[in-house]
>>> print(open('coords37.pdb').read())   # PDB, C-alpha atoms and all ligand atoms
ATOM      1  CA  MET A 298      95.646 -46.393 135.606
ATOM      2  CA  SER A 299      95.112 -49.824 134.124
ATOM      3  CA  THR A 300      95.826 -50.558 130.472
ATOM      4  CA  THR A 301      93.372 -52.548 128.419
ATOM      5  CA  VAL A 302      95.192 -55.314 126.535
ATOM      6  CA  VAL A 303      92.233 -57.218 125.100
ATOM      7  CA  GLU A 304      89.270 -55.335 123.723
ATOM      8  CA  VAL A 305      86.402 -57.165 122.079
ATOM      9  CA  GLU A 306      83.686 -55.112 120.432
ATOM     10  CA  ASN A 307      80.360 -56.496 119.191
ATOM     11  CA  LEU A 308      81.909 -59.756 118.063
ATOM     12  CA  SER A 309      79.680 -62.182 116.167
ATOM     13  CA  PHE A 310      80.575 -65.517 114.662
ATOM     14  CA  ARG A 311      79.011 -68.610 113.105
ATOM     15  CA  TYR A 312      80.783 -71.712 111.840
ATOM     16  CA  ASP A 313      78.282 -72.431 109.099
ATOM     17  CA  LYS A 314      77.896 -69.214 107.129
ATOM     18  CA  ARG A 315      74.728 -70.566 105.473
ATOM     19  CA  LEU A 316      72.921 -70.534 108.800
ATOM     20  CA  LYS A 317      71.418 -67.355 110.206
ATOM     21  CA  GLU A 318      71.929 -68.108 113.857
ATOM     22  CA  ASN A 319      75.164 -66.932 115.436
ATOM     23  CA  ILE A 320      77.343 -69.110 117.664
ATOM     24  CA  LEU A 321      78.552 -65.880 119.309
ATOM     25  CA  SER A 322      76.427 -62.722 119.164
ATOM     26  CA  ASN A 323      77.585 -59.203 119.898
ATOM     27  CA  ILE A 324      80.207 -60.120 122.460
ATOM     28  CA  SER A 325      81.902 -57.123 124.040
ATOM     29  CA  MET A 326      84.473 -57.470 126.793
ATOM     30  CA  THR A 327      87.876 -56.261 127.932
ATOM     31  CA  VAL A 328      90.852 -57.617 129.821
ATOM     32  CA  ASP A 329      93.283 -55.260 131.516
ATOM     33  CA  GLN A 330      97.024 -55.763 131.824
ATOM     34  CA  GLY A 331      97.600 -57.898 134.902
ATOM     35  CA  GLU A 332      93.947 -58.874 135.183
ATOM     36  CA  TRP A 333      92.650 -62.421 135.598
ATOM     37  CA  LEU A 334      89.350 -62.900 133.822
ATOM     38  CA  ALA A 335      87.457 -66.177 134.049
ATOM     39  CA  VAL A 336      85.004 -67.193 131.341
ATOM     40  CA  ILE A 337      82.305 -69.593 132.450
ATOM     41  CA  GLY A 338      79.123 -70.944 130.891
ATOM     42  CA  PRO A 339      77.390 -74.189 129.988
ATOM     43  CA  ASN A 340      78.667 -76.646 127.367
ATOM     44  CA  GLY A 341      78.212 -75.213 123.912
ATOM     45  CA  SER A 342      77.821 -71.611 125.101
ATOM     46  CA  GLY A 343      80.738 -70.506 122.886
ATOM     47  CA  LYS A 344      83.704 -70.244 125.269
ATOM     48  CA  SER A 345      86.211 -72.166 123.132
ATOM     49  CA  THR A 346      84.981 -70.389 120.026
ATOM     50  CA  LEU A 347      85.698 -67.072 121.743
ATOM     51  CA  ALA A 348      89.205 -68.289 122.700
ATOM     52  CA  GLN A 349      89.942 -69.296 119.093
ATOM     53  CA  LEU A 350      88.784 -65.905 117.835
ATOM     54  CA  LEU A 351      90.989 -64.132 120.370
ATOM     55  CA  VAL A 352      94.150 -65.824 119.109
ATOM     56  CA  GLY A 353      93.193 -65.501 115.445
ATOM     57  CA  LEU A 354      92.611 -69.191 114.703
ATOM     58  CA  ILE A 355      89.203 -68.335 113.272
ATOM     59  CA  GLU A 356      87.897 -65.058 111.949
ATOM     60  CA  ALA A 357      84.899 -63.095 113.225
ATOM     61  CA  ASP A 358      81.966 -62.366 110.915
ATOM     62  CA  SER A 359      81.533 -58.941 112.443
ATOM     63  CA  GLY A 360      82.954 -56.910 115.283
ATOM     64  CA  LYS A 361      86.479 -56.165 116.331
ATOM     65  CA  ILE A 362      89.249 -57.658 118.468
ATOM     66  CA  ARG A 363      92.055 -55.424 119.598
ATOM     67  CA  ILE A 364      95.075 -57.022 121.271
ATOM     68  CA  LYS A 365      97.505 -54.520 122.768
ATOM     69  CA  ASN A 366      96.060 -51.823 120.519
ATOM     70  CA  THR A 367      96.469 -53.851 117.325
ATOM     71  CA  VAL A 368      93.258 -54.724 115.519
ATOM     72  CA  MET A 369      93.275 -58.432 114.743
ATOM     73  CA  ASP A 370      93.064 -59.239 111.040
ATOM     74  CA  ASP A 371      94.603 -61.670 108.600
ATOM     75  CA  THR A 372      97.894 -59.817 108.403
ATOM     76  CA  SER A 373      98.235 -58.576 111.993
ATOM     77  CA  LYS A 374      97.444 -61.925 113.627
ATOM     78  CA  TRP A 375     101.050 -63.191 113.347
ATOM     79  CA  LYS A 376     102.326 -60.147 115.189
ATOM     80  CA  VAL A 377      99.508 -60.350 117.730
ATOM     81  CA  ARG A 378     100.327 -63.977 118.516
ATOM     82  CA  ARG A 379     103.648 -62.899 119.985
ATOM     83  CA  HIS A 380     101.692 -61.359 122.855
ATOM     84  CA  ILE A 381      98.976 -63.931 123.392
ATOM     85  CA  GLY A 382      99.449 -67.629 124.164
ATOM     86  CA  ILE A 383      96.779 -70.298 124.332
ATOM     87  CA  VAL A 384      96.637 -73.731 125.950
ATOM     88  CA  PHE A 385      93.803 -76.022 124.950
ATOM     89  CA  GLN A 386      92.069 -78.697 126.950
ATOM     90  CA  ASN A 387      93.441 -81.592 124.943
ATOM     91  CA  PRO A 388      97.199 -81.512 124.379
ATOM     92  CA  GLU A 389      97.355 -84.699 122.251
ATOM     93  CA  ASN A 390      98.159 -83.037 118.918
ATOM     94  CA  GLN A 391     100.338 -80.286 120.217
ATOM     95  CA  PHE A 392     103.706 -82.074 120.382
ATOM     96  CA  ILE A 393     106.483 -81.643 117.877
ATOM     97  CA  GLY A 394     109.704 -82.406 119.764
ATOM     98  CA  THR A 395     110.963 -85.936 120.444
ATOM     99  CA  THR A 396     111.796 -85.094 124.050
ATOM    100  CA  VAL A 397     109.923 -82.945 126.533
ATOM    101  CA  GLN A 398     112.667 -80.317 126.592
ATOM    102  CA  ASP A 399     112.954 -80.214 122.782
ATOM    103  CA  ASP A 400     109.254 -79.735 122.575
ATOM    104  CA  VAL A 401     109.276 -76.772 124.958
ATOM    105  CA  ALA A 402     112.344 -75.342 123.147
ATOM    106  CA  PHE A 403     110.652 -75.702 119.768
ATOM    107  CA  SER A 404     108.260 -72.873 120.491
ATOM    108  CA  LEU A 405     111.288 -70.596 120.999
ATOM    109  CA  GLU A 406     113.295 -71.651 117.968
ATOM    110  CA  ASN A 407     111.449 -69.389 115.554
ATOM    111  CA  LEU A 408     112.310 -66.386 117.693
ATOM    112  CA  ASN A 409     116.048 -66.513 116.903
ATOM    113  CA  MET A 410     116.841 -66.519 120.577
ATOM    114  CA  PRO A 411     120.430 -66.953 121.834
ATOM    115  CA  TYR A 412     121.038 -70.525 123.074
ATOM    116  CA  ASP A 413     121.662 -69.517 126.698
ATOM    117  CA  GLU A 414     118.421 -67.543 126.916
ATOM    118  CA  MET A 415     116.535 -70.423 125.316
ATOM    119  CA  LYS A 416     117.989 -72.944 127.763
ATOM    120  CA  PHE A 417     117.174 -70.675 130.694
ATOM    121  CA  ARG A 418     113.565 -70.286 129.568
ATOM    122  CA  VAL A 419     113.085 -74.022 128.953
ATOM    123  CA  ASP A 420     114.559 -74.887 132.372
ATOM    124  CA  GLN A 421     112.415 -72.256 134.069
ATOM    125  CA  ALA A 422     109.186 -73.304 132.309
ATOM    126  CA  LEU A 423     109.726 -77.010 133.041
ATOM    127  CA  ASP A 424     110.443 -76.156 136.642
ATOM    128  CA  LEU A 425     107.272 -74.033 136.926
ATOM    129  CA  VAL A 426     105.082 -76.932 135.772
ATOM    130  CA  GLY A 427     107.005 -79.559 137.749
ATOM    131  CA  MET A 428     108.289 -81.479 134.718
ATOM    132  CA  SER A 429     112.071 -81.020 135.011
ATOM    133  CA  SER A 430     112.670 -84.646 135.976
ATOM    134  CA  LEU A 431     110.936 -85.916 132.818
ATOM    135  CA  ARG A 432     112.713 -83.550 130.437
ATOM    136  CA  HIS A 433     114.317 -86.361 128.394
ATOM    137  CA  HIS A 434     111.106 -88.356 128.010
ATOM    138  CA  ASP A 435     109.157 -88.767 124.788
ATOM    139  CA  PRO A 436     106.138 -86.457 125.171
ATOM    140  CA  SER A 437     103.845 -88.859 123.312
ATOM    141  CA  GLN A 438     104.410 -91.425 126.054
ATOM    142  CA  LEU A 439     103.418 -89.206 128.953
ATOM    143  CA  SER A 440     100.144 -89.346 130.869
ATOM    144  CA  GLY A 441      97.366 -86.895 129.996
ATOM    145  CA  GLY A 442      98.136 -84.544 132.870
ATOM    146  CA  GLN A 443     101.886 -84.663 132.161
ATOM    147  CA  LYS A 444     101.243 -83.827 128.506
ATOM    148  CA  GLN A 445      99.097 -80.952 129.595
ATOM    149  CA  ARG A 446     101.886 -79.642 131.809
ATOM    150  CA  VAL A 447     104.375 -79.816 128.922
ATOM    151  CA  ALA A 448     101.922 -77.904 126.723
ATOM    152  CA  ILE A 449     101.621 -75.234 129.434
ATOM    153  CA  ALA A 450     105.440 -75.081 129.757
ATOM    154  CA  GLY A 451     105.727 -74.525 125.981
ATOM    155  CA  ILE A 452     103.500 -71.499 126.237
ATOM    156  CA  LEU A 453     105.033 -70.142 129.457
ATOM    157  CA  ALA A 454     108.507 -70.315 127.861
ATOM    158  CA  LEU A 455     107.286 -67.835 125.258
ATOM    159  CA  LYS A 456     106.488 -65.391 128.079
ATOM    160  CA  PRO A 457     103.247 -64.120 126.552
ATOM    161  CA  SER A 458     101.790 -61.036 128.181
ATOM    162  CA  ILE A 459      98.300 -62.526 127.761
ATOM    163  CA  LEU A 460      97.611 -66.163 128.534
ATOM    164  CA  VAL A 461      94.423 -67.899 127.398
ATOM    165  CA  LEU A 462      93.659 -71.193 129.110
ATOM    166  CA  ASP A 463      90.803 -73.194 127.645
ATOM    167  CA  GLU A 464      90.085 -75.690 130.428
ATOM    168  CA  ALA A 465      93.828 -76.244 130.429
ATOM    169  CA  LEU A 466      93.984 -77.586 133.986
ATOM    170  CA  VAL A 467      91.218 -80.166 133.618
ATOM    171  CA  MET A 468      93.546 -83.182 133.279
ATOM    172  CA  LEU A 469      95.642 -82.290 136.299
ATOM    173  CA  ASP A 470      95.378 -84.066 139.628
ATOM    174  CA  PRO A 471      94.093 -81.808 142.444
ATOM    175  CA  LYS A 472      97.526 -81.118 143.924
ATOM    176  CA  SER A 473      99.110 -80.279 140.555
ATOM    177  CA  ARG A 474      96.149 -78.099 139.701
ATOM    178  CA  ARG A 475      96.507 -76.155 142.931
ATOM    179  CA  GLU A 476     100.255 -75.792 142.329
ATOM    180  CA  LEU A 477      99.716 -74.550 138.773
ATOM    181  CA  LEU A 478      97.088 -72.069 139.943
ATOM    182  CA  THR A 479      99.642 -70.703 142.416
ATOM    183  CA  VAL A 480     102.208 -70.464 139.589
ATOM    184  CA  LEU A 481      99.672 -68.471 137.543
ATOM    185  CA  GLN A 482      98.842 -66.203 140.476
ATOM    186  CA  ASN A 483     102.567 -65.522 140.921
ATOM    187  CA  LEU A 484     103.052 -64.763 137.206
ATOM    188  CA  LYS A 485     100.175 -62.337 137.382
ATOM    189  CA  ARG A 486     101.555 -60.659 140.479
ATOM    190  CA  LYS A 487     105.243 -60.576 139.562
ATOM    191  CA  GLU A 488     105.145 -60.228 135.774
ATOM    192  CA  ASN A 489     101.775 -58.514 135.448
ATOM    193  CA  ILE A 490     100.563 -61.010 132.850
ATOM    194  CA  SER A 491      96.872 -61.077 131.953
ATOM    195  CA  ILE A 492      95.021 -64.368 132.191
ATOM    196  CA  LEU A 493      91.808 -65.356 130.492
ATOM    197  CA  SER A 494      90.809 -68.719 131.880
ATOM    198  CA  ILE A 495      87.890 -70.711 130.577
ATOM    199  CA  THR A 496      86.732 -73.112 133.216
ATOM    200  CA  HIS A 497      83.858 -75.163 134.595
ATOM    201  CA  ASP A 498      85.502 -75.158 138.029
ATOM    202  CA  MET A 499      83.838 -72.415 140.069
ATOM    203  CA  ASN A 500      86.570 -72.494 142.711
ATOM    204  CA  GLU A 501      89.089 -71.735 139.970
ATOM    205  CA  ALA A 502      86.805 -69.020 138.560
ATOM    206  CA  ALA A 503      86.582 -67.439 142.010
ATOM    207  CA  LEU A 504      90.336 -66.758 141.882
ATOM    208  CA  ALA A 505      89.760 -64.367 138.982
ATOM    209  CA  ASP A 506      89.381 -60.610 139.357
ATOM    210  CA  ARG A 507      86.253 -60.763 137.229
ATOM    211  CA  ILE A 508      84.084 -63.479 135.734
ATOM    212  CA  ILE A 509      82.145 -63.408 132.462
ATOM    213  CA  LEU A 510      79.185 -65.735 132.105
ATOM    214  CA  LEU A 511      78.358 -66.813 128.558
ATOM    215  CA  GLU A 512      75.029 -68.338 127.662
ATOM    216  CA  SER A 513      73.958 -69.334 124.147
ATOM    217  CA  GLY A 514      76.719 -67.247 122.626
ATOM    218  CA  LYS A 515      75.906 -64.068 124.536
ATOM    219  CA  VAL A 516      77.366 -62.376 127.580
ATOM    220  CA  LYS A 517      74.738 -63.076 130.226
ATOM    221  CA  ASN A 518      76.539 -61.414 133.102
ATOM    222  CA  CYS A 519      79.917 -60.100 134.168
ATOM    223  CA  GLY A 520      81.340 -59.029 137.502
ATOM    224  CA  THR A 521      83.401 -60.006 140.513
ATOM    225  CA  SER A 522      82.732 -63.487 141.840
ATOM    226  CA  GLU A 523      80.564 -61.983 144.585
ATOM    227  CA  GLN A 524      78.495 -59.925 142.117
ATOM    228  CA  LEU A 525      78.102 -62.818 139.704
ATOM    229  CA  PHE A 526      77.185 -65.606 142.108
ATOM    230  CA  VAL A 527      74.724 -63.371 143.953
ATOM    231  CA  ALA A 528      73.088 -62.198 140.717
ATOM    232  CA  GLU A 529      72.951 -65.730 139.261
ATOM    233  CA  PRO A 530      71.454 -67.990 141.931
ATOM    234  CA  ASP A 531      71.162 -70.882 139.467
ATOM    235  CA  LEU A 532      74.930 -71.076 139.105
ATOM    236  CA  GLU A 533      76.677 -73.499 141.421
ATOM    237  CA  PRO A 534      78.817 -71.154 143.563
ATOM    238  CA  PRO A 535      82.381 -71.818 144.794
ATOM    239  CA  PHE A 536      82.621 -74.233 147.735
ATOM    240  CA  PRO A 537      82.755 -71.690 150.627
ATOM    241  CA  GLU A 538      79.615 -69.957 149.372
ATOM    242  CA  LEU A 539      77.917 -73.311 148.770
ATOM    243  CA  LEU A 540      78.699 -74.231 152.372
ATOM    244  CA  ARG A 541      77.412 -70.878 153.643
ATOM    245  CA  ARG A 542      74.094 -71.360 151.826
ATOM    246  CA  GLU A 543      73.737 -74.867 153.303
ATOM    247  CA  LEU A 544      74.464 -73.585 156.796
ATOM    248  CA  LEU A 545      71.962 -70.781 156.311
ATOM    249  CA  LYS A 546      69.291 -73.322 155.351
ATOM    250  CA  ARG A 547      70.006 -75.104 158.636
ATOM    251  CA  ASN A 548      69.393 -71.842 160.487
ATOM    252  CA  ARG A 549      72.962 -71.443 161.574
ATOM    253  CA  ASN A 550      73.800 -67.964 162.691
ATOM    254  CA  ILE A 551      75.815 -67.208 159.578
ATOM    255  CA  PRO A 552      75.850 -63.829 157.754
ATOM    256  CA  ASN A 553      73.393 -63.711 154.880
ATOM    257  CA  GLU A 554      75.886 -62.385 152.392
ATOM    258  CA  TYR A 555      78.396 -63.882 149.951
ATOM    259  CA  MET A 556      81.528 -65.345 151.539
ATOM    260  CA  THR A 557      84.954 -65.866 150.060
ATOM    261  CA  GLU A 558      87.133 -68.736 151.260
ATOM    262  CA  GLU A 559      88.994 -66.435 153.611
ATOM    263  CA  GLU A 560      85.784 -65.003 155.047
ATOM    264  CA  MET A 561      84.382 -68.505 155.561
ATOM    265  CA  VAL A 562      87.562 -69.694 157.303
ATOM    266  CA  ASN A 563      87.489 -66.631 159.566
ATOM    267  CA  TRP A 564      83.827 -67.179 160.379
ATOM    268  CA  LEU A 565      84.360 -70.871 161.157
ATOM    269  CA  CYS A 566      87.315 -70.110 163.440
ATOM    270  CA  LYS A 567      85.386 -67.409 165.267
ATOM    271  CA  SER A 568      82.171 -69.365 165.639
ATOM    272  CA  ARG A 569      84.071 -72.392 166.904
ATOM    273  CA  LEU A 570      85.458 -70.304 169.740
ATOM    274  CA  THR A 571      81.971 -69.326 170.877
ATOM    275  CA  VAL A 572      80.292 -72.766 170.588
TER     276      VAL A 572
HETATM  277  N1  LIG B   1      84.299 -76.674 114.401
HETATM  278  C1  LIG B   1      82.992 -76.479 114.584
HETATM  279  N2  LIG B   1      82.114 -76.525 113.552
HETATM  280  C2  LIG B   1      80.810 -76.306 113.728
HETATM  281  N3  LIG B   1      80.238 -76.023 114.932
HETATM  282  C3  LIG B   1      81.052 -75.971 115.988
HETATM  283  C4  LIG B   1      82.465 -76.187 115.885
HETATM  284  N4  LIG B   1      83.016 -76.062 117.101
HETATM  285  C5  LIG B   1      81.999 -75.777 117.942
HETATM  286  N5  LIG B   1      80.824 -75.714 117.286
HETATM  287  C6  LIG B   1      79.508 -75.374 117.869
HETATM  288  O1  LIG B   1      79.593 -74.083 118.422
HETATM  289  C7  LIG B   1      78.901 -74.016 119.678
HETATM  290  C8  LIG B   1      79.854 -73.489 120.737
HETATM  291  O2  LIG B   1      80.897 -74.428 120.924
HETATM  292  P1  LIG B   1      82.140 -74.163 121.867
HETATM  293  O3  LIG B   1      83.093 -75.284 121.666
HETATM  294  O4  LIG B   1      82.620 -72.793 121.651
HETATM  295  O5  LIG B   1      81.428 -74.261 123.302
HETATM  296  P2  LIG B   1      82.075 -74.255 124.758
HETATM  297  O6  LIG B   1      81.378 -73.187 125.531
HETATM  298  O7  LIG B   1      83.545 -74.195 124.664
HETATM  299  O8  LIG B   1      81.592 -75.665 125.332
HETATM  300  P3  LIG B   1      82.335 -76.687 126.354
HETATM  301  O9  LIG B   1      82.033 -76.189 127.730
HETATM  302  O10 LIG B   1      81.634 -77.974 126.081
HETATM  303  O11 LIG B   1      83.785 -76.729 126.008
HETATM  304  C9  LIG B   1      78.359 -75.404 119.947
HETATM  305  O12 LIG B   1      76.999 -75.408 119.581
HETATM  306  C10 LIG B   1      79.157 -76.299 119.015
HETATM  307  O13 LIG B   1      78.382 -77.360 118.571
HETATM  308 MG    MG B   2      85.085 -75.516 125.174
END
>>> encode(input="coords37.pdb", output="structure tokens", more="lines below")
Ligand SMILES: Nc1ncnc2c1ncn2[C@@H]1O[C@H](COP(=O)(O)OP(=O)(O)OP(=O)(O)O)[C@@H](O)[C@H]1O
Ligand SMILES: [Mg+2]
Amino acid sequence: MSTTVVEVENLSFRYDKRLKENILSNISMTVDQGEWLAVIGPNGSGKSTLAQLLVGLIEADSGKIRIKNTVMDDTSKWKVRRHIGIVFQNPENQFIGTTVQDDVAFSLENLNMPYDEMKFRVDQALDLVGMSSLRHHDPSQLSGGQKQRVAIAGILALKPSILVLDEALVMLDPKSRRELLTVLQNLKRKENISILSITHDMNEAALADRIILLESGKVKNCGTSEQLFVAEPDLEPPFPELLRRELLKRNRNIPNEYMTEEEMVNWLCKSRLTV
């Protein structure tokens, strides 16, 4: 049976308490241990606000957040943060160390970890994000994508059981992004970590077990990528499904149902044989 590690119940929030209108209204959702949940939605729909609430950076006006069975409040949030790590879109202000490796190690220093364990974790995290060769560089002098990778390494070194990524892969070049997505898939599979990834990239969202669509601060829909992209025809679907819809319009003899990448590849291989 799966264990729920994030439980959000009727969460509402507004930045300006004088205004009546909520930024998030009655959000309810869950994430299971080892589950990958994508959060999508237009600009301003409240995705980053939700992420900040989940890690206790801001406080809800009503509703409840439970992380690993602990209700998030002012006192419990420090304990909760040991389980949940977040990487933001813009890593500019996140650096403390004077070298890349010091910066990644810094996140571990408060944990009173033995030196050998710390070194092992820093080496492993830098390796996972492909930054080992730049470990002695000054993080402030790295490129945007390199900074982002160091920020991700800092969080991975902490080995959180829940990882929140707020458009954290946006700065990465396509190859690095693909590599990092594979790293995340492996962490999920081997270490059973839960991932909540906020993204505008529908191909990335399609890798998730489930997708939540936010609109104007409310949950508009939630389901597997197939359920969601079929139920929401106005959403731009992942590339294989986009291609299938185009082929269908051109009267190609293609199945009239949602296709994953694998299904599309199989169909293309098969249909090529019979052309
Ligand atoms: N610090 C803030 N103070 C006041 N209003 C804010 C603040 N941050 C965000 N907002 C407002 O809250 C709403 C939701 O913003 P949020 O950043 O959560 O959206 P988002 O879904 O992450 O958008 P994007 O896709 O552009 O990142 C927007 O209307 C935004 O203007
Ligand atoms: Mg955002």
>>> resolve_selection(input="coords37.pdb", expression="the PyMOL selection byres (((chain A and resi 398-402) around 8) and not hetatm)", output="PDB file with C-alpha atoms, in the coordinates of the input")
ATOM      1  CA  PHE A 392     103.706 -82.074 120.382  1.00  0.00           C
ATOM      2  CA  ILE A 393     106.483 -81.643 117.877  1.00  0.00           C
ATOM      3  CA  GLY A 394     109.704 -82.406 119.764  1.00  0.00           C
ATOM      4  CA  THR A 395     110.963 -85.936 120.444  1.00  0.00           C
ATOM      5  CA  THR A 396     111.796 -85.094 124.050  1.00  0.00           C
ATOM      6  CA  VAL A 397     109.923 -82.945 126.533  1.00  0.00           C
ATOM      7  CA  PHE A 403     110.652 -75.702 119.768  1.00  0.00           C
ATOM      8  CA  SER A 404     108.260 -72.873 120.491  1.00  0.00           C
ATOM      9  CA  LEU A 405     111.288 -70.596 120.999  1.00  0.00           C
ATOM     10  CA  GLU A 406     113.295 -71.651 117.968  1.00  0.00           C
ATOM     11  CA  MET A 415     116.535 -70.423 125.316  1.00  0.00           C
ATOM     12  CA  LYS A 416     117.989 -72.944 127.763  1.00  0.00           C
ATOM     13  CA  VAL A 419     113.085 -74.022 128.953  1.00  0.00           C
ATOM     14  CA  LEU A 423     109.726 -77.010 133.041  1.00  0.00           C
ATOM     15  CA  ARG A 432     112.713 -83.550 130.437  1.00  0.00           C
ATOM     16  CA  HIS A 433     114.317 -86.361 128.394  1.00  0.00           C
ATOM     17  CA  PRO A 436     106.138 -86.457 125.171  1.00  0.00           C
ATOM     18  CA  VAL A 447     104.375 -79.816 128.922  1.00  0.00           C
ATOM     19  CA  ALA A 448     101.922 -77.904 126.723  1.00  0.00           C
ATOM     20  CA  ALA A 450     105.440 -75.081 129.757  1.00  0.00           C
ATOM     21  CA  GLY A 451     105.727 -74.525 125.981  1.00  0.00           C
ATOM     22  CA  ILE A 452     103.500 -71.499 126.237  1.00  0.00           C
ATOM     23  CA  ALA A 454     108.507 -70.315 127.861  1.00  0.00           C
TER      24      ALA A 454
END
>>> closest_atom_pairs(input="coords37.pdb", of="chain A", to="ligand MG 2 (chain B)", cutoff="9 Å", atoms="all atoms listed in the file", output="Markdown table")
| residue | atom | partner | partner_atom | distance |
| --- | --- | --- | --- | --- |
| A:Asn340 | CA | B:MG2 | MG | 6.9 |
| A:Gly341 | CA | B:MG2 | MG | 7.0 |
| A:Ser342 | CA | B:MG2 | MG | 8.2 |
| A:Gly343 | CA | B:MG2 | MG | 7.0 |
| A:Lys344 | CA | B:MG2 | MG | 5.5 |
| A:Ser345 | CA | B:MG2 | MG | 4.1 |
| A:Thr346 | CA | B:MG2 | MG | 7.3 |
| A:Ala348 | CA | B:MG2 | MG | 8.7 |
| A:Phe385 | CA | B:MG2 | MG | 8.7 |
| A:Gln386 | CA | B:MG2 | MG | 7.9 |
| A:Asp463 | CA | B:MG2 | MG | 6.6 |
| A:Glu464 | CA | B:MG2 | MG | 7.3 |
| A:Ile495 | CA | B:MG2 | MG | 7.8 |
| A:Thr496 | CA | B:MG2 | MG | 8.6 |
>>> atom_distance(input="coords37.pdb", atom1="CA of Asn500 in chain A", atom2="atom C7 of ligand LIG 1 (chain B)")
24.3 Å
>>> axis_aligned_box(input="coords37.pdb", around="ligand LIG 1 (chain B)", padding_each_side="8 Å", output="AutoDock Vina command-line options")
--center_x 80.6 --center_y -75.4 --center_z 120.6 --size_x 23.3 --size_y 21.2 --size_z 30.2
>>> closest_residue(input="coords37.pdb", among="A:Leu439, A:Val480, A:Met556, A:Cys519", to="Asp506 in chain A", atoms="only C-alpha atoms")
A:Cys519
>>> atom_distance(input="coords37.pdb", atom1="CA of Ile508 in chain A", atom2="CA of Val328 in chain A")
10.7 Å
